[in-house]
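Undergrad: Mind having a look at this structure? Questions to follow.
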Amino acid sequence: MDTQNYVYWLRELDKDDVFIAGRKCKGLGEMLRAGLPVPPGFAISLKAYEKFIDETGVGKAISSYFEEIKDRLQDDVSLFDQASEYICQLIESRPIPGDIQSYILNYYRELCTRCNVENVRVAVRSSGPVSMPGQFDTFLNVQGEEELLDRVKKVWASSFNGRAMHYRMQRAMPVESSPIGIAVLKMVNARASGVMFTLDPLNGDRSTIFIEASWGLGESLVSGQVTPDKFALNKVTLSITKRIICNKSIEMVYGPQGDVVPVEVEPERQNAPCLTDEEIIQLGKLGKLVEANNKLPQDIEWAIDKDLPFPRNIILLQTRPETVWNKKEVKPLVKPNTSALSHIAGTLITGKKVR
């Protein structure tokens, strides 16, 4: 790695680097090292966040603020929203220290060169070292140096939104401090996007891969604006065992002002599947590789890039361990030292259904 510890290329990060730039960046780095398709990008470290908080005086101001209200927080949760407004304005009003700013912009310029795009559009995604799903902000379709620096500060500020601070208090975590990393990734011009579980999220069946998909960028699925198509595959054979095609009337696309906006899907696409069979099967193959690399069933975000040919158009955006069934004990169907034939015969004798 470079001698500075503020910004890293994602490929520099591996499984032991969760406290360098957070879980999301670590996971993306692992996938890149494993040869999996991930958008090009870089990571802004927890050290960069900590230096910003310390050198700008924000940290002292936050500590003083919480010292005044700490005895009232348990009884008045509305204080979190007031604290958030004050702290977020404080963070967004302070300039990023010059050396950190220089590193961020140098990496962004090099990313533009690597992508052969001037002012390449990027996603600026939060990456906490501790799993806190949905607590911090992400910004899509960010373009240009000034906008990038602004969104970096907004992501840092989001560690002090009301829900994130309340979440930390409920779990006995420090309310006044939550260093987070940031992933800066080239935007995918998504024809479709969604999530993939390398088990069945309804019953924990590990022989199944389950996919949800909708048109456009994934925010329409995350926000619940559409009911996604659903597909299931046999994890061994990768045969498609289930397909449910839903009406998808809204999709999220790039807006004219560099934002992301909802638009109505053309009538002929609303009830059409947003994935081809070959894309479903290729997603399944990638899901198996990600699960094997992490040694646990995974919850994976993905997108189909309309600008690339198959199979290069399938891009993985994030992976994390599945959070429900991974916590439950997995019991073998066959007792140790018992052959499969003996298991079947014994089950038939008792009149039970063979599983």
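Chain lettering (A, B, ...) mirrors the order of the structure tokens, residue numbering begins at 1 for each chain separately, and ligand numbering begins at 1 in order of display.
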Compile a residue-level contact table for range 68-154 of chain A against range 32-49 of chain A at a cut-off of 12 Å, reporting for every qualifying residue the shortest atom pair and its distance in Å to one decimal, with only C-alpha atoms counted, rows ordered by chain and ascending number, as JSON lines.
TA:
```
{"residue": "A:Ile91", "atom": "CA", "partner": "A:Tyr49", "partner_atom": "CA", "distance": 10.7}
{"residue": "A:Ile96", "atom": "CA", "partner": "A:Ala48", "partner_atom": "CA", "distance": 9.2}
{"residue": "A:Pro97", "atom": "CA", "partner": "A:Ala48", "partner_atom": "CA", "distance": 9.1}
{"residue": "A:Gly98", "atom": "CA", "partner": "A:Ala48", "partner_atom": "CA", "distance": 11.2}
{"residue": "A:Asp99", "atom": "CA", "partner": "A:Ala48", "partner_atom": "CA", "distance": 9.7}
{"residue": "A:Ile100", "atom": "CA", "partner": "A:Ala48", "partner_atom": "CA", "distance": 6.6}
{"residue": "A:Gln101", "atom": "CA", "partner": "A:Ala48", "partner_atom": "CA", "distance": 9.5}
{"residue": "A:Ser102", "atom": "CA", "partner": "A:Ala48", "partner_atom": "CA", "distance": 11.7}
{"residue": "A:Tyr103", "atom": "CA", "partner": "A:Ile44", "partner_atom": "CA", "distance": 9.3}
{"residue": "A:Ile104", "atom": "CA", "partner": "A:Ile44", "partner_atom": "CA", "distance": 7.5}
{"residue": "A:Leu105", "atom": "CA", "partner": "A:Phe42", "partner_atom": "CA", "distance": 11.1}
{"residue": "A:Asn106", "atom": "CA", "partner": "A:Phe42", "partner_atom": "CA", "distance": 10.9}
{"residue": "A:Tyr107", "atom": "CA", "partner": "A:Phe42", "partner_atom": "CA", "distance": 7.2}
{"residue": "A:Tyr108", "atom": "CA", "partner": "A:Phe42", "partner_atom": "CA", "distance": 8.1}
{"residue": "A:Arg109", "atom": "CA", "partner": "A:Gly41", "partner_atom": "CA", "distance": 11.1}
{"residue": "A:Glu110", "atom": "CA", "partner": "A:Gly41", "partner_atom": "CA", "distance": 9.8}
{"residue": "A:Leu111", "atom": "CA", "partner": "A:Gly41", "partner_atom": "CA", "distance": 6.7}
{"residue": "A:Cys112", "atom": "CA", "partner": "A:Gly41", "partner_atom": "CA", "distance": 9.8}
{"residue": "A:Thr113", "atom": "CA", "partner": "A:Pro40", "partner_atom": "CA", "distance": 11.4}
{"residue": "A:Arg114", "atom": "CA", "partner": "A:Pro40", "partner_atom": "CA", "distance": 8.5}
{"residue": "A:Cys115", "atom": "CA", "partner": "A:Pro40", "partner_atom": "CA", "distance": 8.1}
{"residue": "A:Asn116", "atom": "CA", "partner": "A:Pro40", "partner_atom": "CA", "distance": 11.9}
{"residue": "A:Val120", "atom": "CA", "partner": "A:Gly41", "partner_atom": "CA", "distance": 10.8}
{"residue": "A:Arg121", "atom": "CA", "partner": "A:Gly41", "partner_atom": "CA", "distance": 11.0}
{"residue": "A:Val122", "atom": "CA", "partner": "A:Gly41", "partner_atom": "CA", "distance": 8.4}
{"residue": "A:Ala123", "atom": "CA", "partner": "A:Gly41", "partner_atom": "CA", "distance": 9.3}
{"residue": "A:Val124", "atom": "CA", "partner": "A:Ala43", "partner_atom": "CA", "distance": 9.6}
{"residue": "A:Arg125", "atom": "CA", "partner": "A:Ala43", "partner_atom": "CA", "distance": 9.5}
{"residue": "A:Ser126", "atom": "CA", "partner": "A:Ile44", "partner_atom": "CA", "distance": 9.6}
{"residue": "A:Ser127", "atom": "CA", "partner": "A:Ala43", "partner_atom": "CA", "distance": 9.0}
{"residue": "A:Gly128", "atom": "CA", "partner": "A:Leu46", "partner_atom": "CA", "distance": 8.6}
{"residue": "A:Pro129", "atom": "CA", "partner": "A:Leu46", "partner_atom": "CA", "distance": 8.6}
{"residue": "A:Val130", "atom": "CA", "partner": "A:Leu46", "partner_atom": "CA", "distance": 11.9}
{"residue": "A:Leu148", "atom": "CA", "partner": "A:Ile44", "partner_atom": "CA", "distance": 11.9}
{"residue": "A:Leu149", "atom": "CA", "partner": "A:Ile44", "partner_atom": "CA", "distance": 11.3}
{"residue": "A:Val152", "atom": "CA", "partner": "A:Ile44", "partner_atom": "CA", "distance": 8.9}
{"residue": "A:Lys153", "atom": "CA", "partner": "A:Tyr49", "partner_atom": "CA", "distance": 9.1}
{"residue": "A:Lys154", "atom": "CA", "partner": "A:Tyr49", "partner_atom": "CA", "distance": 11.6}
```
Undergrad: Write out as a compact mmCIF listing (two decimals) with all heavy atoms, in the first residue's frame each polymer residue whose atoms come within 9 Å of Val226 in chain A, counting only C-alpha atoms; drop sequence neighbours fewer than 6 positions from it.
TA:
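Below you can see selection03.txt, which holds the result:
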```txt
# COMPACT_ATOMS: atom_id res chain seq x y z
N SER A 214 -35.30 -5.37 -10.71
CA SER A 214 -36.20 -4.35 -11.25
C SER A 214 -35.46 -3.53 -12.29
O SER A 214 -34.23 -3.58 -12.38
CB SER A 214 -36.73 -3.44 -10.12
OG SER A 214 -35.66 -2.75 -9.51
N SER A 220 -35.09 2.12 -6.63
CA SER A 220 -36.54 1.87 -6.69
C SER A 220 -36.90 0.60 -5.93
O SER A 220 -37.97 0.50 -5.32
CB SER A 220 -37.00 1.76 -8.15
OG SER A 220 -36.30 0.72 -8.83
N CYS A 246 -43.35 -9.41 -12.21
CA CYS A 246 -44.28 -8.45 -11.61
C CYS A 246 -44.39 -7.19 -12.47
O CYS A 246 -43.54 -6.93 -13.33
CB CYS A 246 -43.83 -8.08 -10.20
SG CYS A 246 -43.81 -9.47 -9.06
N ASN A 247 -45.43 -6.43 -12.21
CA ASN A 247 -45.58 -5.14 -12.88
C ASN A 247 -44.60 -4.15 -12.27
O ASN A 247 -44.58 -3.92 -11.07
CB ASN A 247 -47.01 -4.62 -12.72
CG ASN A 247 -47.20 -3.27 -13.38
OD1 ASN A 247 -46.98 -2.23 -12.77
ND2 ASN A 247 -47.59 -3.28 -14.65
N LYS A 248 -43.77 -3.56 -13.13
CA LYS A 248 -42.73 -2.64 -12.68
C LYS A 248 -42.94 -1.32 -13.42
O LYS A 248 -42.42 -1.12 -14.52
CB LYS A 248 -41.35 -3.23 -12.97
CG LYS A 248 -41.14 -4.61 -12.34
CD LYS A 248 -39.89 -5.29 -12.79
CE LYS A 248 -39.96 -5.71 -14.24
NZ LYS A 248 -40.98 -6.74 -14.51
N SER A 249 -43.71 -0.42 -12.84
CA SER A 249 -44.14 0.79 -13.54
C SER A 249 -43.19 1.97 -13.37
O SER A 249 -43.29 2.97 -14.08
CB SER A 249 -45.54 1.20 -13.07
OG SER A 249 -45.54 1.42 -11.67
N ILE A 250 -42.25 1.87 -12.40
CA ILE A 250 -41.33 2.97 -12.10
C ILE A 250 -39.90 2.45 -12.15
O ILE A 250 -39.62 1.33 -11.72
CB ILE A 250 -41.61 3.57 -10.70
CG1 ILE A 250 -43.01 4.17 -10.64
CG2 ILE A 250 -40.56 4.61 -10.33
CD1 ILE A 250 -43.20 5.41 -11.48
N GLU A 251 -38.99 3.26 -12.67
CA GLU A 251 -37.57 2.96 -12.58
C GLU A 251 -36.81 4.23 -12.23
O GLU A 251 -37.26 5.34 -12.53
CB GLU A 251 -37.02 2.35 -13.86
CG GLU A 251 -37.04 3.26 -15.07
CD GLU A 251 -36.42 2.61 -16.30
OE1 GLU A 251 -35.50 1.78 -16.16
OE2 GLU A 251 -36.88 2.94 -17.42
```
Undergrad: Give me the residues within 9 Å of Asp259 in chain A as a PyMOL selection string, counting only C-alpha atoms and dropping any in the same chain fewer than 2 places off.
TA: chain A and resi 139-142+253-257+261
Undergrad: Kindly save the residues from that selection, with N, CA and C atoms included, as a short mmCIF file (atom, residue, chain, number, x, y, z; two decimals), in the first residue's frame.
TA:
```cif
data_model
loop_
_atom_site.label_atom_id
_atom_site.label_comp_id
_atom_site.auth_asym_id
_atom_site.auth_seq_id
_atom_site.Cartn_x
_atom_site.Cartn_y
_atom_site.Cartn_z
N PHE A 139 -24.70 8.61 -1.98
CA PHE A 139 -25.04 9.58 -3.02
C PHE A 139 -24.64 9.03 -4.38
N LEU A 140 -25.57 9.06 -5.32
CA LEU A 140 -25.36 8.52 -6.66
C LEU A 140 -25.19 9.64 -7.68
N ASN A 141 -24.56 9.27 -8.81
CA ASN A 141 -24.46 10.17 -9.95
C ASN A 141 -23.72 11.47 -9.60
N VAL A 142 -22.68 11.35 -8.81
CA VAL A 142 -21.86 12.49 -8.39
C VAL A 142 -20.82 12.75 -9.48
N VAL A 253 -33.52 6.54 -12.82
CA VAL A 253 -32.52 6.78 -13.87
C VAL A 253 -31.74 8.05 -13.54
N TYR A 254 -30.66 8.30 -14.29
CA TYR A 254 -29.93 9.55 -14.15
C TYR A 254 -30.83 10.71 -14.54
N GLY A 255 -30.83 11.76 -13.73
CA GLY A 255 -31.61 12.95 -14.04
C GLY A 255 -30.79 13.98 -14.79
N PRO A 256 -31.45 14.99 -15.38
CA PRO A 256 -30.75 16.00 -16.18
C PRO A 256 -29.84 16.91 -15.36
N GLN A 257 -30.07 17.00 -14.05
CA GLN A 257 -29.27 17.87 -13.20
C GLN A 257 -28.18 17.09 -12.45
N VAL A 261 -33.59 10.25 -10.65
CA VAL A 261 -35.01 10.58 -10.62
C VAL A 261 -35.85 9.37 -11.01
#
```
Undergrad: So how far away is CA of Asp16 in chain A from CA of Arg320 in chain A, in Å?
TA: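 A separation of 14.7 Å between them.
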Undergrad: As number ranges by chain, list the residues of range 57-252 of chain A assigned to strand (DSSP E or B) by DSSP on the backbone atoms of this structure.
TA: A: 122-127, 138-142, 181-186, 190-197, 208-217, 229-234, 240-244, 250-252
Undergrad: Of the residues A:Gly181, A:Gly134, A:Gly144, A:Gly162, which is the one nearest to Val18 in chain A, using only C-alpha atoms?
TA: A:Gly181
Undergrad: List as a list of chain:residue names the protein and nucleic acid residues near range 227-242 of chain A, meaning an atom at most 7 Å away when only C-alpha atoms are counted, but skip any in the same chain fewer than 3 places from it.
TA: A:Ser207, A:Thr208, A:Ile209, A:Phe210, A:Ile211, A:Glu212, A:Ala213, A:Ser214, A:Leu221, A:Ile245, A:Cys246, A:Asn247, A:Lys248, A:Pro273, A:Ile281, A:Gly284
Undergrad: Write the residues you've just listed into a file as a compact mmCIF listing (two decimals), in the first residue's frame, and include N, CA and C atoms for each of them.
TA:
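Result file is again-v2.txt:
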```
# COMPACT_ATOMS: atom_id res chain seq x y z
N SER A 207 -29.59 -24.69 -0.59
CA SER A 207 -29.44 -25.27 -1.93
C SER A 207 -30.04 -24.37 -3.00
N THR A 208 -30.51 -23.19 -2.58
CA THR A 208 -31.21 -22.26 -3.48
C THR A 208 -30.47 -20.94 -3.56
N ILE A 209 -30.51 -20.31 -4.74
CA ILE A 209 -30.09 -18.93 -4.94
C ILE A 209 -31.34 -18.13 -5.30
N PHE A 210 -31.56 -17.02 -4.63
CA PHE A 210 -32.78 -16.23 -4.80
C PHE A 210 -32.41 -14.84 -5.31
N ILE A 211 -33.07 -14.38 -6.38
CA ILE A 211 -32.76 -13.10 -7.01
C ILE A 211 -34.01 -12.25 -7.12
N GLU A 212 -33.88 -10.96 -6.76
CA GLU A 212 -34.93 -9.97 -7.01
C GLU A 212 -34.37 -8.92 -7.95
N ALA A 213 -35.18 -8.49 -8.92
CA ALA A 213 -34.67 -7.59 -9.96
C ALA A 213 -35.74 -6.59 -10.39
N SER A 214 -35.30 -5.37 -10.71
CA SER A 214 -36.20 -4.35 -11.25
C SER A 214 -35.46 -3.53 -12.29
N LEU A 221 -36.01 -0.39 -5.93
CA LEU A 221 -36.23 -1.62 -5.18
C LEU A 221 -36.03 -1.40 -3.70
N ILE A 245 -42.85 -12.81 -12.52
CA ILE A 245 -42.66 -11.52 -13.20
C ILE A 245 -43.76 -10.56 -12.73
N CYS A 246 -43.35 -9.41 -12.21
CA CYS A 246 -44.28 -8.45 -11.61
C CYS A 246 -44.39 -7.19 -12.47
N ASN A 247 -45.43 -6.43 -12.21
CA ASN A 247 -45.58 -5.14 -12.88
C ASN A 247 -44.60 -4.15 -12.27
N LYS A 248 -43.77 -3.56 -13.13
CA LYS A 248 -42.73 -2.64 -12.68
C LYS A 248 -42.94 -1.32 -13.42
N PRO A 273 -39.93 -9.48 -18.18
CA PRO A 273 -38.82 -9.79 -17.27
C PRO A 273 -37.65 -8.86 -17.54
N ILE A 281 -28.59 -17.01 -14.86
CA ILE A 281 -27.65 -18.10 -14.60
C ILE A 281 -26.26 -17.55 -14.30
N GLY A 284 -26.14 -16.36 -10.85
CA GLY A 284 -26.01 -17.51 -9.96
C GLY A 284 -24.58 -18.00 -9.84
```
Undergrad: Between A:Gly216, A:Ser93, A:Ile304, A:Ile244, which residue has the minimum interatomic distance to Glu264 in chain A, considering only C-alpha atoms?
TA: A:Gly216
Undergrad: Take CA of Arg312 in chain A and CA of Glu279 in chain A and report the distance between them in Å, one decimal.
TA: 10.3 Å
Undergrad: Rank A:Val175, A:Phe160, A:Ala272, A:Pro262 by their smallest atom-to-atom distance to Ile69 in chain A, using only C-alpha atoms, and report the top residue only.
TA: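 Among the listed residues, A:Val175 lies closest to Ile69 in chain A.
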Undergrad: Taking 6 positions as the minimum chain separation for residues in the same chain, which residues sit within 8 Å of Gly27 in chain A when counting only C-alpha atoms? Answer as an NGL selection string.
TA: :A and (14-15 or 318-320)
Undergrad: Can you write out the residues you just picked, keeping all heavy atoms, as a compact mmCIF listing (two decimals), in the first residue's frame?
TA:
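Saved to selection_24.txt:
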```txt
# COMPACT_ATOMS: atom_id res chain seq x y z
N ASP A 14 -8.01 -6.04 1.60
CA ASP A 14 -8.38 -7.45 1.65
C ASP A 14 -9.18 -7.75 2.91
O ASP A 14 -9.61 -6.83 3.62
CB ASP A 14 -7.15 -8.36 1.53
CG ASP A 14 -6.16 -8.17 2.68
OD1 ASP A 14 -6.57 -7.71 3.77
OD2 ASP A 14 -4.97 -8.49 2.50
N LYS A 15 -9.35 -9.02 3.22
CA LYS A 15 -10.27 -9.44 4.28
C LYS A 15 -9.91 -8.93 5.67
O LYS A 15 -10.77 -8.87 6.54
CB LYS A 15 -10.36 -10.97 4.31
CG LYS A 15 -9.03 -11.66 4.59
CD LYS A 15 -9.20 -13.18 4.51
CE LYS A 15 -7.88 -13.90 4.73
NZ LYS A 15 -7.29 -13.68 6.04
N GLN A 318 -21.88 -4.81 -4.06
CA GLN A 318 -21.66 -4.97 -2.62
C GLN A 318 -21.99 -6.39 -2.23
O GLN A 318 -22.86 -7.04 -2.83
CB GLN A 318 -22.54 -4.00 -1.84
CG GLN A 318 -22.45 -4.14 -0.33
CD GLN A 318 -23.33 -3.15 0.42
OE1 GLN A 318 -23.83 -2.20 -0.16
NE2 GLN A 318 -23.51 -3.35 1.70
N THR A 319 -21.31 -6.90 -1.21
CA THR A 319 -21.72 -8.17 -0.61
C THR A 319 -21.54 -8.09 0.90
O THR A 319 -20.66 -7.38 1.39
CB THR A 319 -20.90 -9.35 -1.18
OG1 THR A 319 -21.48 -10.57 -0.69
CG2 THR A 319 -19.44 -9.29 -0.77
N ARG A 320 -22.41 -8.77 1.60
CA ARG A 320 -22.30 -8.87 3.06
C ARG A 320 -22.94 -10.19 3.47
O ARG A 320 -23.80 -10.73 2.74
CB ARG A 320 -23.00 -7.70 3.74
CG ARG A 320 -24.45 -7.52 3.35
CD ARG A 320 -25.05 -6.25 3.93
NE ARG A 320 -26.32 -5.95 3.32
CZ ARG A 320 -26.68 -4.76 2.85
NH1 ARG A 320 -25.84 -3.75 2.90
NH2 ARG A 320 -27.87 -4.57 2.31
```
